[in-house]
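Reading through the structure tokens given below for one structure.
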2 protein chains.
Amino acid sequence: MTRQRVAIVDLLDNAADHLDAKKLLEQAKRRVPDIDKTTVYRTIRRLRQLGLIDELDLLHFRHDGHFYELAPDKMHLHIVCTGCGQVREASPQAWADVEREIQAQTGYTIEMARCEVGGYCPECQKKR
Amino acid sequence: MTRQRVAIVDLLDNAADHLDAKKLLEQAKRRVPDIDKTTVYRTIRRLRQLGLIDELDLLHFRHDGHFYELAPDKMHLHIVCTGCGQVREASPQAWADVEREIQAQTGYTIEMARCEVGGYCPECQKKR
DNA sequence: ATAACTGCAAATCTTTTGCTTACAG
DNA sequence: CTGTAAGCAAAAGATTTGCAGTTAT
């Protein structure tokens, strides 16, 4: 295992918010100053192929690139505040039902799901 | 209303599958041969700002760009077959429940949602 | 040893911007 | 007329590829 990979995985593991490739690179540089963006992208791709991380867009609220997070064992929903851009996650209570219904309706087996919701957080609702 | 806009809106309106900017350009060229990609992108942006079309990624199964569809009145889920890439839509039955639960859980008001699910369609399940 | 991993530069792809000309109301 | 839209070329941002040198096992 190389130092650069350790750094990237570690960052994803301990990230407070969702990271995109640029932030990942910036922060990894603190640990491995010579790390290149290519390595970041290559590592992301591997981890994604292995199913270890998930890719998000967060509704492109900030930019058109992608964000990454360690693949959770349970499906969850990302909710982006259209006012302040803050991202929250809702627990997957309802998801099991949705999944069952989709399977019944379409005959598909569900392997993965990305659900991104936009709305106003309680604070931003007051300001309107 | 310009000819190029009519062409683009018309294509989105009558599209059988989901279109990305490139396909939109190709197909619009049949009607307005000199139309430029810039016009396509600008029109897409306007329509999106007006809330008339929705942007999808379809889990980036084909590429990292975006797909567009006329904004439906009811929320629905896109389900992409991981085997053959075919896209289906599931009706929004379950969505109302999910939405209610998210609102209760987080206090957010929900303005929009994009839900993309990956799995295997019945045909591809047989082939495995 | 040797196969996998890295950095660097250049290429590719999608989308945006600046500017000048053309068109619709 | 007058503002809005179109086309063209060039720029910008995200991601990938080719290649030669380096590192882990």
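Residues are referred to by chain and number: the chain letter is A, B, ... according to the order shown in the structure tokens, the number counts from 1 in that chain, and ligands are numbered separately from 1 in the order shown.
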Hey, which bits of chain A sit within 10 Å of chain D, and for each residue what's the closest pair of atoms and how far apart in Å (one decimal), counting only C-alpha atoms (C1' of nucleotides), rows by chain and increasing number, as JSON lines?
{"residue": "A:Met1", "atom": "CA", "partner": "D:DA24", "partner_atom": "C1'", "distance": 7.2}
{"residue": "A:Thr2", "atom": "CA", "partner": "D:DA24", "partner_atom": "C1'", "distance": 7.6}
{"residue": "A:Ala21", "atom": "CA", "partner": "D:DA14", "partner_atom": "C1'", "distance": 8.9}
{"residue": "A:Lys22", "atom": "CA", "partner": "D:DA14", "partner_atom": "C1'", "distance": 9.4}
{"residue": "A:Lys37", "atom": "CA", "partner": "D:DT15", "partner_atom": "C1'", "distance": 9.7}
{"residue": "A:Thr38", "atom": "CA", "partner": "D:DT16", "partner_atom": "C1'", "distance": 8.5}
{"residue": "A:Tyr41", "atom": "CA", "partner": "D:DT15", "partner_atom": "C1'", "distance": 7.4}
{"residue": "A:Arg42", "atom": "CA", "partner": "D:DT16", "partner_atom": "C1'", "distance": 9.2}
{"residue": "A:His63", "atom": "CA", "partner": "D:DG13", "partner_atom": "C1'", "distance": 9.7}
{"residue": "A:Asp64", "atom": "CA", "partner": "D:DA14", "partner_atom": "C1'", "distance": 8.4}
{"residue": "A:Gly65", "atom": "CA", "partner": "D:DA14", "partner_atom": "C1'", "distance": 6.5}
{"residue": "A:His66", "atom": "CA", "partner": "D:DA14", "partner_atom": "C1'", "distance": 9.0}
Using only C-alpha atoms, I'd like a table of the residues in chain B that come within 8 Å of chain A; for each, show the closest atom pair and its distance in Å rounded to one decimal, ordered by chain and ascending number, as CSV.
residue,atom,partner,partner_atom,distance
B:Leu59,CA,A:Arg114,CA,7.7
B:Cys81,CA,A:Tyr108,CA,7.8
B:Ala90,CA,A:Ile102,CA,6.5
B:Ala94,CA,A:Val98,CA,5.5
B:Trp95,CA,A:Val98,CA,7.4
B:Asp97,CA,A:Ala94,CA,7.4
B:Val98,CA,A:Ala94,CA,5.5
B:Glu101,CA,A:Ala94,CA,7.0
B:Ile102,CA,A:Ala90,CA,6.5
B:Gln105,CA,A:Ala90,CA,7.2
B:Thr106,CA,A:Ala90,CA,7.0
B:Gly107,CA,A:Pro122,CA,5.8
B:Tyr108,CA,A:Cys121,CA,4.5
B:Thr109,CA,A:Gly119,CA,5.2
B:Ile110,CA,A:Gly119,CA,4.2
B:Glu111,CA,A:Gly119,CA,4.7
B:Met112,CA,A:Gly118,CA,5.0
B:Ala113,CA,A:Val117,CA,4.1
B:Arg114,CA,A:Glu116,CA,5.1
B:Cys115,CA,A:Cys115,CA,4.1
B:Glu116,CA,A:Arg114,CA,5.2
B:Val117,CA,A:Ala113,CA,4.1
B:Gly118,CA,A:Met112,CA,5.0
B:Gly119,CA,A:Ile110,CA,4.2
B:Tyr120,CA,A:Thr109,CA,5.3
B:Cys121,CA,A:Tyr108,CA,4.5
B:Pro122,CA,A:Gly107,CA,5.8
Can you spit out the residues from that selection as a compact mmCIF listing (two decimals), in the first residue's frame, using C-alpha atoms?
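That gives us result30.txt:
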# COMPACT_ATOMS: atom_id res chain seq x y z
CA LEU B 59 -25.69 7.04 -12.68
CA CYS B 81 -30.02 -1.57 -15.91
CA ALA B 90 -40.97 3.64 -11.90
CA ALA B 94 -43.83 5.22 -3.01
CA TRP B 95 -42.39 8.66 -3.35
CA ASP B 97 -44.30 8.40 1.62
CA VAL B 98 -40.58 8.93 1.35
CA GLU B 101 -40.86 10.87 6.10
CA ILE B 102 -37.93 13.04 5.06
CA GLN B 105 -37.23 13.60 9.99
CA THR B 106 -35.25 16.63 8.88
CA GLY B 107 -37.61 19.60 8.85
CA TYR B 108 -36.64 20.40 5.27
CA THR B 109 -39.25 21.40 2.74
CA ILE B 110 -38.71 19.37 -0.41
CA GLU B 111 -38.59 21.28 -3.66
CA MET B 112 -37.05 18.77 -5.99
CA ALA B 113 -35.69 15.27 -6.02
CA ARG B 114 -33.57 13.13 -8.23
CA CYS B 115 -33.59 9.46 -7.55
CA GLU B 116 -31.55 7.12 -9.70
CA VAL B 117 -31.44 3.43 -9.08
CA GLY B 118 -29.19 0.81 -10.62
CA GLY B 119 -29.98 -2.88 -10.96
CA TYR B 120 -30.56 -5.68 -13.42
CA CYS B 121 -33.58 -5.82 -15.67
CA PRO B 122 -35.44 -9.15 -15.96
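Interface residues on chain C toward chain A (cut-off 9 Å, only C-alpha atoms (C1' of nucleotides)): DC5, DT6, DG7 and DC8 of chain C.
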Atoms kept (N, CA, C and O atoms (P, O5', C5', C4', C3', O3' and C1' of nucleotides)) for selection, written as a PDB file, in the first residue's frame:
ATOM      1  P    DC C   5      -1.672  -1.182  -8.305  1.00  0.00           P
ATOM      2  O5'  DC C   5      -0.611   0.003  -8.189  1.00  0.00           O
ATOM      3  C5'  DC C   5       0.242   0.079  -7.043  1.00  0.00           C
ATOM      4  C4'  DC C   5       0.956   1.409  -7.070  1.00  0.00           C
ATOM      5  C3'  DC C   5       0.022   2.581  -7.366  1.00  0.00           C
ATOM      6  O3'  DC C   5       0.290   3.644  -6.457  1.00  0.00           O
ATOM      7  C1'  DC C   5       1.831   2.569  -8.873  1.00  0.00           C
ATOM      8  P    DT C   6      -0.344   5.073  -6.642  1.00  0.00           P
ATOM      9  O5'  DT C   6       0.860   5.924  -7.239  1.00  0.00           O
ATOM     10  C5'  DT C   6       2.024   6.164  -6.433  1.00  0.00           C
ATOM     11  C4'  DT C   6       2.977   7.064  -7.199  1.00  0.00           C
ATOM     12  C3'  DT C   6       2.367   8.388  -7.619  1.00  0.00           C
ATOM     13  O3'  DT C   6       2.972   9.458  -6.897  1.00  0.00           O
ATOM     14  C1'  DT C   6       3.505   7.312  -9.453  1.00  0.00           C
ATOM     15  P    DG C   7       2.356  10.910  -6.978  1.00  0.00           P
ATOM     16  O5'  DG C   7       3.175  11.547  -8.194  1.00  0.00           O
ATOM     17  C5'  DG C   7       4.587  11.629  -8.128  1.00  0.00           C
ATOM     18  C4'  DG C   7       5.138  12.240  -9.406  1.00  0.00           C
ATOM     19  C3'  DG C   7       4.521  13.592  -9.783  1.00  0.00           C
ATOM     20  O3'  DG C   7       5.580  14.461 -10.184  1.00  0.00           O
ATOM     21  C1'  DG C   7       4.198  12.033 -11.563  1.00  0.00           C
ATOM     22  P    DC C   8       5.344  16.026 -10.373  1.00  0.00           P
ATOM     23  O5'  DC C   8       5.291  16.181 -11.953  1.00  0.00           O
ATOM     24  C5'  DC C   8       6.337  15.615 -12.749  1.00  0.00           C
ATOM     25  C4'  DC C   8       5.928  15.627 -14.214  1.00  0.00           C
ATOM     26  C3'  DC C   8       5.124  16.862 -14.645  1.00  0.00           C
ATOM     27  O3'  DC C   8       5.801  17.486 -15.723  1.00  0.00           O
ATOM     28  C1'  DC C   8       4.152  14.866 -15.470  1.00  0.00           C
TER      29       DC C   8
END
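Among the candidates B:His18, B:Arg31, B:Arg48, B:Lys74, the one nearest to B:Arg62 when counting only C-alpha atoms is B:His18.
Atom CA of A:Leu19 is positioned 17.5 Å from atom CA of A:Val32.
The smallest atom-to-atom distance between C:DT16 and any of B:Arg45, B:Arg30, B:Lys23, B:Arg128, using only C-alpha atoms (C1' of nucleotides), is found for B:Arg45.
Between atom CA of B:Leu25 and atom CA of B:Gln49 there is a distance of 19.7 Å.
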Expected answer as a PyMOL selection string: strand (DSSP E) residues in stretch 54-85 of chain B: chain B and resi 54-56+67-70+77-81
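If only C-alpha atoms are the atoms counted, then among B:Ala16, B:Leu70, B:Ala28, B:Ala104 the closest residue to B:Leu47 is B:Leu70.
Note that atom CA of A:Ile44 and atom C1' of C:DA10 are 21.4 Å apart.
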